[in-house]
$ cat coords_8.cif   # mmCIF, C-alpha atoms
data_entry
#
loop_
_atom_site.label_atom_id
_atom_site.label_comp_id
_atom_site.auth_asym_id
_atom_site.auth_seq_id
_atom_site.Cartn_x
_atom_site.Cartn_y
_atom_site.Cartn_z
CA MET A 1 -2.41 -13.93 -14.85
CA GLU A 2 -1.62 -10.47 -13.61
CA VAL A 3 -3.93 -7.58 -12.91
CA THR A 4 -1.78 -5.38 -15.11
CA GLU A 5 -3.39 -7.22 -18.05
CA LEU A 6 -6.76 -5.92 -16.92
CA ILE A 7 -6.15 -2.59 -15.17
CA GLY A 8 -5.74 0.15 -17.72
CA ASN A 9 -5.45 -2.16 -20.72
CA ASP A 10 -7.52 0.22 -22.79
CA ALA A 11 -7.73 3.98 -23.15
CA PRO A 12 -8.16 5.38 -19.64
CA VAL A 13 -11.69 6.22 -18.66
CA GLU A 14 -12.09 9.94 -18.04
CA THR A 15 -12.36 10.72 -14.35
CA ALA A 16 -14.44 13.62 -13.15
CA LYS A 17 -12.59 16.81 -12.34
CA THR A 18 -13.43 17.71 -8.78
CA GLY A 19 -12.34 20.66 -6.73
CA SER A 20 -9.97 22.94 -8.59
CA GLY A 21 -10.97 22.03 -12.17
CA LEU A 22 -7.31 21.24 -12.91
CA ASP A 23 -6.62 17.93 -14.62
CA ASP A 24 -4.46 15.28 -12.94
CA GLN A 25 -1.24 16.31 -14.70
CA ASN A 26 -1.58 19.92 -13.53
CA LEU A 27 -2.43 18.81 -10.00
CA ILE A 28 0.68 16.61 -9.96
CA ALA A 29 2.83 19.51 -11.13
CA ARG A 30 1.54 21.65 -8.24
CA ILE A 31 2.06 18.81 -5.73
CA LEU A 32 5.66 18.38 -6.89
CA GLU A 33 6.16 22.10 -6.27
CA GLY A 34 5.20 21.34 -2.65
CA SER A 35 1.47 22.04 -2.50
CA ASP A 36 -0.28 19.77 0.03
CA ARG A 37 -3.65 21.31 -0.83
CA HIS A 38 -3.43 19.95 -4.36
CA PHE A 39 -2.63 16.48 -3.08
CA CYS A 40 -5.83 16.67 -1.02
CA LEU A 41 -7.68 17.47 -4.25
CA LEU A 42 -6.06 14.49 -5.96
CA ILE A 43 -7.12 12.22 -3.07
CA GLU A 44 -10.64 13.62 -3.23
CA ARG A 45 -10.82 12.87 -6.95
CA HIS A 46 -9.62 9.26 -6.69
CA GLU A 47 -10.49 8.08 -3.17
CA THR A 48 -13.84 6.51 -4.09
CA HIS A 49 -12.32 4.27 -6.76
CA VAL A 50 -9.33 3.43 -4.56
CA PHE A 51 -11.68 2.43 -1.73
CA GLN A 52 -13.76 0.27 -4.09
CA LEU A 53 -10.67 -1.45 -5.45
CA VAL A 54 -8.93 -1.99 -2.11
CA SER A 55 -12.06 -3.33 -0.40
CA SER A 56 -12.65 -5.72 -3.30
CA VAL A 57 -9.12 -7.08 -3.04
CA LEU A 58 -9.35 -7.49 0.75
CA GLY A 59 -12.88 -8.93 0.64
CA PRO A 60 -15.70 -8.86 3.20
CA ASP A 61 -13.56 -10.53 5.91
CA HIS A 62 -11.17 -7.58 6.14
CA CYS A 63 -13.54 -4.59 5.88
CA SER A 64 -12.07 -2.98 8.98
CA ARG A 65 -8.66 -2.65 7.30
CA VAL A 66 -9.79 -0.89 4.14
CA GLU A 67 -9.16 2.68 5.34
CA GLU A 68 -5.70 1.82 6.71
CA VAL A 69 -4.69 0.15 3.42
CA CYS A 70 -6.06 3.09 1.40
CA GLN A 71 -3.97 5.47 3.52
CA ASP A 72 -0.87 3.37 2.80
CA ALA A 73 -1.72 3.37 -0.91
CA PHE A 74 -2.02 7.17 -1.03
CA ILE A 75 1.25 7.57 0.91
CA LYS A 76 2.97 5.36 -1.69
CA ILE A 77 1.35 7.36 -4.48
CA HIS A 78 2.64 10.61 -2.92
CA ARG A 79 6.13 9.18 -2.41
CA ASN A 80 6.39 7.98 -6.01
CA LEU A 81 4.66 10.90 -7.69
CA ALA A 82 7.92 12.26 -9.10
CA ARG A 83 8.40 8.95 -10.94
CA PHE A 84 5.04 9.18 -12.71
CA ARG A 85 5.93 9.80 -16.36
CA GLY A 86 2.43 10.19 -17.71
CA GLU A 87 2.82 7.25 -20.12
CA SER A 88 -0.53 5.93 -18.86
CA GLY A 89 -3.40 7.78 -17.24
CA PHE A 90 -2.79 8.81 -13.63
CA GLY A 91 -5.76 6.66 -12.55
CA THR A 92 -4.25 3.56 -14.15
CA TRP A 93 -0.92 4.17 -12.43
CA ALA A 94 -2.43 5.03 -9.03
CA TYR A 95 -4.93 2.16 -9.00
CA ARG A 96 -2.16 -0.32 -9.75
CA ILE A 97 -0.29 0.98 -6.71
CA ALA A 98 -3.49 0.65 -4.65
CA TYR A 99 -4.12 -2.87 -5.97
CA ASN A 100 -0.56 -4.01 -5.19
CA THR A 101 -0.67 -2.40 -1.73
CA ALA A 102 -3.91 -4.24 -0.96
CA LEU A 103 -2.46 -7.54 -2.20
CA ASP A 104 0.63 -7.05 -0.01
CA HIS A 105 -1.60 -6.49 3.03
CA LEU A 106 -3.71 -9.52 2.17
CA ARG A 107 -0.61 -11.72 1.92
CA ALA A 108 0.71 -10.34 5.21
CA LEU A 109 -2.65 -11.12 6.84
CA ALA A 110 -2.59 -14.66 5.43
CA ARG A 111 0.81 -15.24 7.05
CA ARG A 112 -0.51 -14.23 10.49
CA PRO A 113 -2.22 -16.83 12.67
CA LYS A 114 -6.01 -16.48 12.43
CA THR A 115 -7.73 -15.07 15.51
CA ILE A 116 -11.37 -14.15 15.96
CA PRO A 117 -12.41 -11.57 18.58
CA LEU A 118 -14.57 -13.19 21.25
CA ASP A 119 -17.69 -11.10 20.48
CA GLN A 120 -17.51 -12.07 16.79
CA PHE A 121 -17.09 -15.71 17.79
CA TYR A 122 -20.30 -15.64 19.84
CA ASP A 123 -22.15 -13.72 17.10
CA ALA A 124 -21.13 -16.30 14.52
CA ARG A 125 -22.49 -19.25 16.54
CA PRO A 126 -25.87 -20.55 15.39
CA SER A 127 -28.71 -19.37 17.62
CA PRO A 128 -30.51 -22.11 19.55
CA GLN A 129 -33.89 -21.00 18.08
CA ALA A 130 -32.86 -21.79 14.50
CA GLY A 131 -33.01 -25.49 13.80
CA PRO A 132 -30.05 -27.38 12.35
CA ALA A 133 -31.65 -27.42 8.88
CA ALA A 134 -32.01 -23.63 8.84
CA THR A 135 -28.37 -23.08 9.69
CA THR A 136 -26.97 -25.60 7.27
CA ALA A 137 -28.94 -25.33 4.02
CA GLY A 138 -28.65 -21.67 2.93
CA GLY A 139 -25.75 -20.64 5.19
CA ASP A 140 -23.48 -23.51 4.23
CA GLU A 141 -24.08 -22.99 0.53
CA ALA A 142 -23.26 -19.27 0.83
CA ALA A 143 -20.16 -19.95 2.93
CA ARG A 144 -18.99 -22.60 0.46
CA THR A 145 -19.41 -20.15 -2.42
CA ARG A 146 -17.46 -17.45 -0.55
CA ARG A 147 -14.68 -19.92 0.24
CA ALA A 148 -14.52 -20.88 -3.44
CA VAL A 149 -14.33 -17.18 -4.37
CA ASP A 150 -11.44 -16.76 -1.91
CA GLN A 151 -9.55 -19.52 -3.73
CA LEU A 152 -9.81 -17.78 -7.12
CA PRO A 153 -6.80 -15.93 -8.60
CA ASP A 154 -6.53 -12.35 -7.33
CA ILE A 155 -8.01 -10.58 -10.33
CA TYR A 156 -11.03 -12.91 -10.64
CA ARG A 157 -11.73 -12.64 -6.90
CA THR A 158 -11.50 -8.84 -7.11
CA LEU A 159 -13.93 -8.75 -10.04
CA ILE A 160 -16.42 -11.04 -8.30
CA HIS A 161 -16.27 -8.84 -5.19
CA LEU A 162 -16.72 -5.64 -7.21
CA HIS A 163 -19.74 -7.00 -9.06
CA TYR A 164 -21.53 -9.28 -6.62
CA TRP A 165 -20.54 -7.99 -3.21
CA LYS A 166 -20.25 -4.26 -3.85
CA GLY A 167 -22.91 -4.35 -6.57
CA LEU A 168 -20.98 -2.27 -9.11
CA THR A 169 -22.25 -2.30 -12.68
CA ILE A 170 -19.94 -3.21 -15.57
CA ASN A 171 -19.48 0.50 -16.39
CA GLU A 172 -18.59 1.33 -12.79
CA ILE A 173 -16.06 -1.53 -12.72
CA CYS A 174 -14.58 -0.10 -15.93
CA GLN A 175 -13.96 3.18 -14.10
CA VAL A 176 -12.35 1.48 -11.11
CA LEU A 177 -10.11 -0.72 -13.27
CA GLN A 178 -9.67 1.83 -16.09
CA SER A 179 -10.60 -0.85 -18.58
CA SER A 180 -13.16 -1.40 -21.35
CA PRO A 181 -16.59 -3.06 -20.87
CA GLY A 182 -15.64 -5.87 -23.26
CA THR A 183 -12.54 -6.79 -21.26
CA VAL A 184 -14.34 -6.61 -17.92
CA LYS A 185 -17.22 -8.78 -19.19
CA SER A 186 -14.80 -11.33 -20.60
CA TYR A 187 -12.83 -11.58 -17.31
CA LEU A 188 -16.04 -11.77 -15.30
CA HIS A 189 -17.29 -14.59 -17.52
CA ARG A 190 -14.03 -16.49 -16.98
CA ALA A 191 -14.23 -15.88 -13.23
CA ARG A 192 -17.76 -17.34 -13.08
CA ALA A 193 -16.70 -20.34 -15.19
CA ARG A 194 -13.78 -21.07 -12.86
CA LEU A 195 -16.01 -20.70 -9.84
CA GLN A 196 -18.63 -23.02 -11.36
CA ASN A 197 -15.93 -25.64 -11.95
CA ALA A 198 -14.58 -25.26 -8.43
CA LEU A 199 -18.04 -25.64 -6.90
CA SER A 200 -18.95 -28.68 -9.02
CA ASP A 201 -15.60 -30.31 -8.19
CA GLY A 202 -16.41 -29.75 -4.52
CA GLU A 203 -19.85 -31.35 -4.90
CA ASN A 204 -18.42 -34.42 -6.68
CA GLU A 205 -15.82 -35.07 -3.97
CA MET B 1 -29.46 -22.56 -8.40
CA ASN B 2 -27.20 -21.12 -11.09
CA ILE B 3 -23.84 -19.48 -10.42
CA GLU B 4 -25.23 -15.92 -10.61
CA GLN B 5 -27.84 -16.70 -7.94
CA LYS B 6 -25.28 -18.48 -5.78
CA LEU B 7 -22.98 -15.45 -5.89
CA LYS B 8 -25.79 -13.00 -5.14
CA SER B 9 -26.98 -14.99 -2.13
CA ALA B 10 -23.38 -15.56 -0.95
CA PHE B 11 -22.72 -11.84 -0.59
CA GLU B 12 -26.12 -10.41 0.31
CA GLN B 13 -25.62 -10.85 4.07
CA GLN B 14 -22.00 -9.65 4.03
CA PRO B 15 -21.03 -6.34 5.63
CA THR B 16 -20.61 -3.43 3.26
CA SER B 17 -17.15 -1.93 3.09
CA PRO B 18 -16.63 1.55 4.54
CA ALA B 19 -16.63 4.69 2.41
CA PRO B 20 -13.87 7.29 2.92
CA SER B 21 -14.44 9.05 6.24
CA THR B 22 -14.57 12.85 6.44
CA GLY B 23 -11.10 13.11 7.98
CA PHE B 24 -9.50 10.68 5.52
CA GLN B 25 -7.55 13.30 3.55
CA ASP B 26 -6.22 14.92 6.74
CA GLN B 27 -5.10 11.53 8.06
CA VAL B 28 -3.25 10.80 4.82
CA MET B 29 -1.58 14.23 4.85
CA ALA B 30 -0.53 13.74 8.49
CA LYS B 31 1.01 10.36 7.63
CA VAL B 32 2.73 11.81 4.55
CA SER B 33 4.42 14.54 6.61
CA ALA B 34 5.26 12.08 9.44
CA HIS B 35 6.86 9.81 6.86
CA ALA B 36 8.91 12.69 5.42
CA THR B 37 10.10 13.66 8.93
CA ALA B 38 11.05 10.06 9.73
CA GLN B 39 13.05 9.84 6.50
CA GLN B 40 14.88 13.09 7.28
CA SER B 41 15.68 11.85 10.77
CA ARG B 42 16.98 8.54 9.35
CA SER B 43 19.36 10.28 6.96
CA SER B 44 20.42 12.65 9.74
CA ARG B 45 21.27 9.66 11.97
CA LEU B 46 23.27 8.10 9.13
CA LEU B 47 25.19 11.34 8.68
CA LYS B 48 25.97 11.51 12.39
CA ALA B 49 27.19 7.90 12.38
CA TYR B 50 29.42 8.68 9.40
CA TRP B 51 30.99 11.68 11.13
CA LEU B 52 31.54 9.70 14.32
CA VAL B 53 33.27 6.80 12.52
CA ALA B 54 35.34 9.23 10.46
CA ALA B 55 36.41 11.11 13.61
CA ILE B 56 37.37 7.91 15.46
CA LEU B 57 39.40 6.66 12.49
CA PHE B 58 41.08 9.99 12.16
CA VAL B 59 42.06 10.05 15.82
CA ALA B 60 43.24 6.42 15.58
CA ALA B 61 45.29 7.15 12.50
CA ILE B 62 47.04 10.20 13.84
CA SER B 63 47.59 8.98 17.38
CA GLN B 64 48.52 5.35 16.41
CA VAL B 65 46.59 3.89 19.37
CA SER B 66 47.21 0.22 20.22
CA TRP B 67 43.83 -1.17 19.01
CA ALA B 68 44.43 0.38 15.60
CA ALA B 69 47.37 -2.02 15.17
CA THR B 70 44.91 -4.96 14.92
CA PHE B 71 43.66 -3.65 11.55
CA ASP B 72 45.42 -3.97 8.23
CA PRO B 73 47.62 -0.85 8.13
CA THR B 74 46.82 -0.22 4.45
CA LEU B 75 43.11 -0.30 5.11
CA LEU B 76 43.52 1.92 8.14
CA TRP B 77 45.50 4.46 6.20
CA VAL B 78 43.11 4.41 3.22
CA VAL B 79 40.04 4.87 5.41
CA GLY B 80 41.92 7.13 7.81
CA GLY B 81 43.20 9.13 4.87
CA ALA B 82 39.67 9.60 3.58
CA ALA B 83 38.62 10.63 7.07
CA VAL B 84 41.50 13.06 7.26
CA LEU B 85 40.49 14.56 3.95
CA THR B 86 36.92 15.08 5.13
CA VAL B 87 37.06 15.55 8.89
CA GLY B 88 40.55 16.91 9.07
CA PRO B 89 39.98 20.24 7.38
CA VAL B 90 36.76 20.71 9.37
CA ILE B 91 38.57 20.06 12.65
CA LEU B 92 41.43 22.35 11.68
CA LEU B 93 39.02 25.12 10.80
CA ALA B 94 37.14 24.50 14.03
CA ARG B 95 40.33 24.66 16.05
CA LEU B 96 41.21 27.89 14.33
CA ALA B 97 37.77 29.14 15.29
CA GLY B 98 38.43 28.16 18.90
CA PHE B 99 36.48 24.85 19.26
CA SER B 100 38.04 21.78 20.85
CA LEU B 101 37.90 18.41 19.03
CA LEU B 102 35.57 16.87 21.62
CA ASP B 103 33.33 19.90 21.53
CA LEU B 104 33.08 19.66 17.76
CA VAL B 105 32.32 15.91 17.79
CA TRP B 106 29.52 16.42 20.33
CA ARG B 107 28.14 19.36 18.43
CA THR B 108 28.03 17.18 15.28
CA ILE B 109 26.38 14.23 17.05
CA ASP B 110 23.95 16.35 19.01
CA ARG B 111 22.88 18.54 16.08
#
$ encode --input "coords_8.cif" --output "structure tokens"
Amino acid sequence: MEVTELIGNDAPVETAKTGSGLDDQNLIARILEGSDRHFCLLIERHETHVFQLVSSVLGPDHCSRVEEVCQDAFIKIHRNLARFRGESGFGTWAYRIAYNTALDHLRALARRPKTIPLDQFYDARPSPQAGPAATTAGGDEAARTRRAVDQLPDIYRTLIHLHYWKGLTINEICQVLQSSPGTVKSYLHRARARLQNALSDGENE
Amino acid sequence: MNIEQKLKSAFEQQPTSPAPSTGFQDQVMAKVSAHATAQQSRSSRLLKAYWLVAAILFVAAISQVSWAATFDPTLLWVVGGAAVLTVGPVILLARLAGFSLLDLVWRTIDR
């Protein structure tokens, strides 16, 4: 299953006009004429959604990389702006680029050997004051759930992160993914069902 | 505990992701212009390499140096001919203008 089925599958959600009051198409026309100022306005208009999307793809373990990946995404958007034909909304097109950029980074990170900075390693160790029961019961369950979320297909994992980690409502997710509430709810339901199955399989083993 | 509760408790202690910093747009613009400069420099290097190879082949073709004999003569003359057609007129014009061949090659490479 690809994200393209979910991102922008319905009429694009209207994004607020910030800054100049020009719509995206007019901003793009000015940028292609060489105006950097208008590209700044385009970034300003879409950066919040791009940040939400990228951080949800990368997940809580890679928070520190979100800004770097968003920069890469906007550079790609700028580089390919001349190829944008306006067949879909600009948001749909740009967020797909951001989503794919984030996935590429995530895959590159997965190929690297895992290292943990020493200070994080010491922070993650259970404190001697907390008894073994305290560290295992709640913490283990939460960690097991997060691991199961990490194993989900990309789009389900992203949706779970948007809703449960970042706390976005269904309507806010619709804006980030440029999709309809019905579609988002249906995908979220499927994501929870898959996760439930994965967790029960883990308990039975 | 149902799945909703499990998910809520799994993420409640997790760090929140950063929001765009104040200098974010400037950083993107700086990277965009750095990328454009790097691309220009790459194509400029390619152009220089092309001129250098064309000049060497041209010299080899017209002076019939010994190492040129190791290549297929047809290939040498086809490539050399193309080089002559491109570099040749430039060199001739340059000579007419008073530049030496070496001077012109270095000016091209060092541009």
$ resolve_selection --input "coords_8.cif" --expression "the PyMOL selection byres ((chain A) within 8 of (chain B))" --output "list in words"
Asp36, Cys40, Ile43, Glu44, Glu47, Thr48, Phe51, Ser55, Pro60, Cys63, Ser64, Val66, Glu67, Gln71, Phe74, Ile75, His78, Glu141, Ala142, Ala143, Thr145, Arg146, Tyr164, Trp165, Lys166, Arg192, Leu195 and Gln196 of chain A
$ atom_distance --input "coords_8.cif" --atom1 "CA of His46 in chain A" --atom2 "CA of Asp61 in chain A"
23.8 Å
$ resolve_selection --input "coords_8.cif" --expression "the PyMOL selection byres ((chain A and resi 90) around 10)" --output "JSON, numbers by chain"
{"A": [12, 15, 23, 24, 25, 28, 46, 81, 84, 85, 86, 87, 88, 89, 91, 92, 93, 94, 95, 96]}
$ residues_near_point --input "coords_8.cif" --point "(8.5, 19.9, -6.5)" --cutoff "12 Å" --atoms "all atoms listed in the file" --output "ChimeraX atom specification"
/A:27-36,78-79,81-83
$ resolve_selection --input "coords_8.cif" --expression "the PyMOL selection byres ((chain A and resi 57) around 8)" --output "PyMOL selection string"
chain A and resi 53-56+58-59+99+102-103+106+154+157-158+161
$ atom_distance --input "coords_8.cif" --atom1 "CA of Val50 in chain A" --atom2 "CA of Ala73 in chain A"
8.4 Å
$ closest_residue --input "coords_8.cif" --among "A:Tyr187, A:Leu42, A:Ile155, A:His62" --to "Asn100 in chain A" --atoms "only C-alpha atoms"
A:Ile155
$ atom_distance --input "coords_8.cif" --atom1 "CA of Ile173 in chain A" --atom2 "CA of Arg37 in chain A"
28.6 Å
$ closest_residue --input "coords_8.cif" --among "A:His38, A:His49, A:Lys76, A:Arg190" --to "Val176 in chain A" --atoms "only C-alpha atoms"
A:His49
$ decode --input "coords_8.cif" --residues "range 18-43 of chain B" --atoms "N, CA, C and O atoms" --output "tab-separated table (two decimals), in the first residue's frame"
chain	number	residue	atom	x	y	z
B	18	PRO	N	10.27	19.02	17.03
B	18	PRO	CA	10.47	20.47	17.00
B	18	PRO	C	9.56	21.16	15.99
B	18	PRO	O	9.19	20.58	14.98
B	19	ALA	N	9.23	22.40	16.28
B	19	ALA	CA	8.49	23.24	15.32
B	19	ALA	C	9.54	23.98	14.47
B	19	ALA	O	10.70	24.04	14.86
B	20	PRO	N	9.13	24.54	13.33
B	20	PRO	CA	10.11	25.27	12.51
B	20	PRO	C	10.76	26.40	13.32
B	20	PRO	O	10.05	27.16	13.97
B	21	SER	N	12.08	26.46	13.27
B	21	SER	CA	12.77	27.53	14.01
B	21	SER	C	12.63	28.86	13.26
B	21	SER	O	12.24	28.86	12.09
B	22	THR	N	12.99	29.94	13.92
B	22	THR	CA	12.80	31.27	13.30
B	22	THR	C	13.65	31.44	12.04
B	22	THR	O	13.25	32.10	11.10
B	23	GLY	N	14.83	30.84	12.04
B	23	GLY	CA	15.72	31.01	10.88
B	23	GLY	C	15.54	29.95	9.81
B	23	GLY	O	16.36	29.85	8.90
B	24	PHE	N	14.48	29.15	9.94
B	24	PHE	CA	14.32	28.01	9.02
B	24	PHE	C	14.29	28.43	7.55
B	24	PHE	O	14.99	27.86	6.72
B	25	GLN	N	13.49	29.46	7.25
B	25	GLN	CA	13.37	29.89	5.84
B	25	GLN	C	14.71	30.37	5.29
B	25	GLN	O	15.07	30.08	4.15
B	26	ASP	N	15.46	31.11	6.12
B	26	ASP	CA	16.77	31.61	5.67
B	26	ASP	C	17.73	30.45	5.39
B	26	ASP	O	18.50	30.48	4.44
B	27	GLN	N	17.65	29.44	6.29
B	27	GLN	CA	18.54	28.28	6.09
B	27	GLN	C	18.20	27.56	4.78
B	27	GLN	O	19.10	27.16	4.03
B	28	VAL	N	16.91	27.41	4.50
B	28	VAL	CA	16.51	26.75	3.25
B	28	VAL	C	16.99	27.57	2.06
B	28	VAL	O	17.57	27.03	1.11
B	29	MET	N	16.79	28.89	2.13
B	29	MET	CA	17.19	29.75	1.00
B	29	MET	C	18.71	29.68	0.78
B	29	MET	O	19.18	29.66	-0.36
B	30	ALA	N	19.46	29.64	1.89
B	30	ALA	CA	20.93	29.54	1.77
B	30	ALA	C	21.32	28.23	1.08
B	30	ALA	O	22.19	28.20	0.21
B	31	LYS	N	20.63	27.14	1.49
B	31	LYS	CA	20.95	25.84	0.88
B	31	LYS	C	20.53	25.81	-0.59
B	31	LYS	O	21.21	25.20	-1.41
B	32	VAL	N	19.41	26.44	-0.91
B	32	VAL	CA	18.93	26.48	-2.30
B	32	VAL	C	19.97	27.18	-3.18
B	32	VAL	O	20.34	26.69	-4.25
B	33	SER	N	20.49	28.33	-2.70
B	33	SER	CA	21.46	29.06	-3.54
B	33	SER	C	22.79	28.33	-3.58
B	33	SER	O	23.47	28.32	-4.61
B	34	ALA	N	23.18	27.66	-2.45
B	34	ALA	CA	24.43	26.88	-2.46
B	34	ALA	C	24.31	25.72	-3.45
B	34	ALA	O	25.26	25.42	-4.16
B	35	HIS	N	23.14	25.12	-3.49
B	35	HIS	CA	22.91	24.01	-4.41
B	35	HIS	C	23.01	24.48	-5.87
B	35	HIS	O	23.62	23.82	-6.71
B	36	ALA	N	22.43	25.66	-6.14
B	36	ALA	CA	22.47	26.20	-7.51
B	36	ALA	C	23.91	26.50	-7.91
B	36	ALA	O	24.33	26.20	-9.03
B	37	THR	N	24.70	27.05	-6.98
B	37	THR	CA	26.11	27.36	-7.26
B	37	THR	C	26.89	26.08	-7.54
B	37	THR	O	27.69	26.01	-8.48
B	38	ALA	N	26.63	25.04	-6.71
B	38	ALA	CA	27.35	23.77	-6.87
B	38	ALA	C	27.03	23.17	-8.24
B	38	ALA	O	27.92	22.62	-8.91
B	39	GLN	N	25.78	23.30	-8.66
B	39	GLN	CA	25.37	22.73	-9.95
B	39	GLN	C	26.07	23.47	-11.10
B	39	GLN	O	26.53	22.85	-12.06
B	40	GLN	N	26.15	24.80	-10.96
B	40	GLN	CA	26.81	25.61	-11.99
B	40	GLN	C	28.28	25.22	-12.09
B	40	GLN	O	28.83	25.08	-13.18
B	41	SER	N	28.90	25.03	-10.91
B	41	SER	CA	30.32	24.71	-10.88
B	41	SER	C	30.56	23.33	-11.49
B	41	SER	O	31.55	23.11	-12.18
B	42	ARG	N	29.60	22.39	-11.25
B	42	ARG	CA	29.73	21.05	-11.83
B	42	ARG	C	29.68	21.11	-13.35
B	42	ARG	O	30.50	20.51	-14.04
B	43	SER	N	28.73	21.88	-13.89
B	43	SER	CA	28.62	21.94	-15.35
B	43	SER	C	29.81	22.69	-15.94
B	43	SER	O	30.26	22.38	-17.03
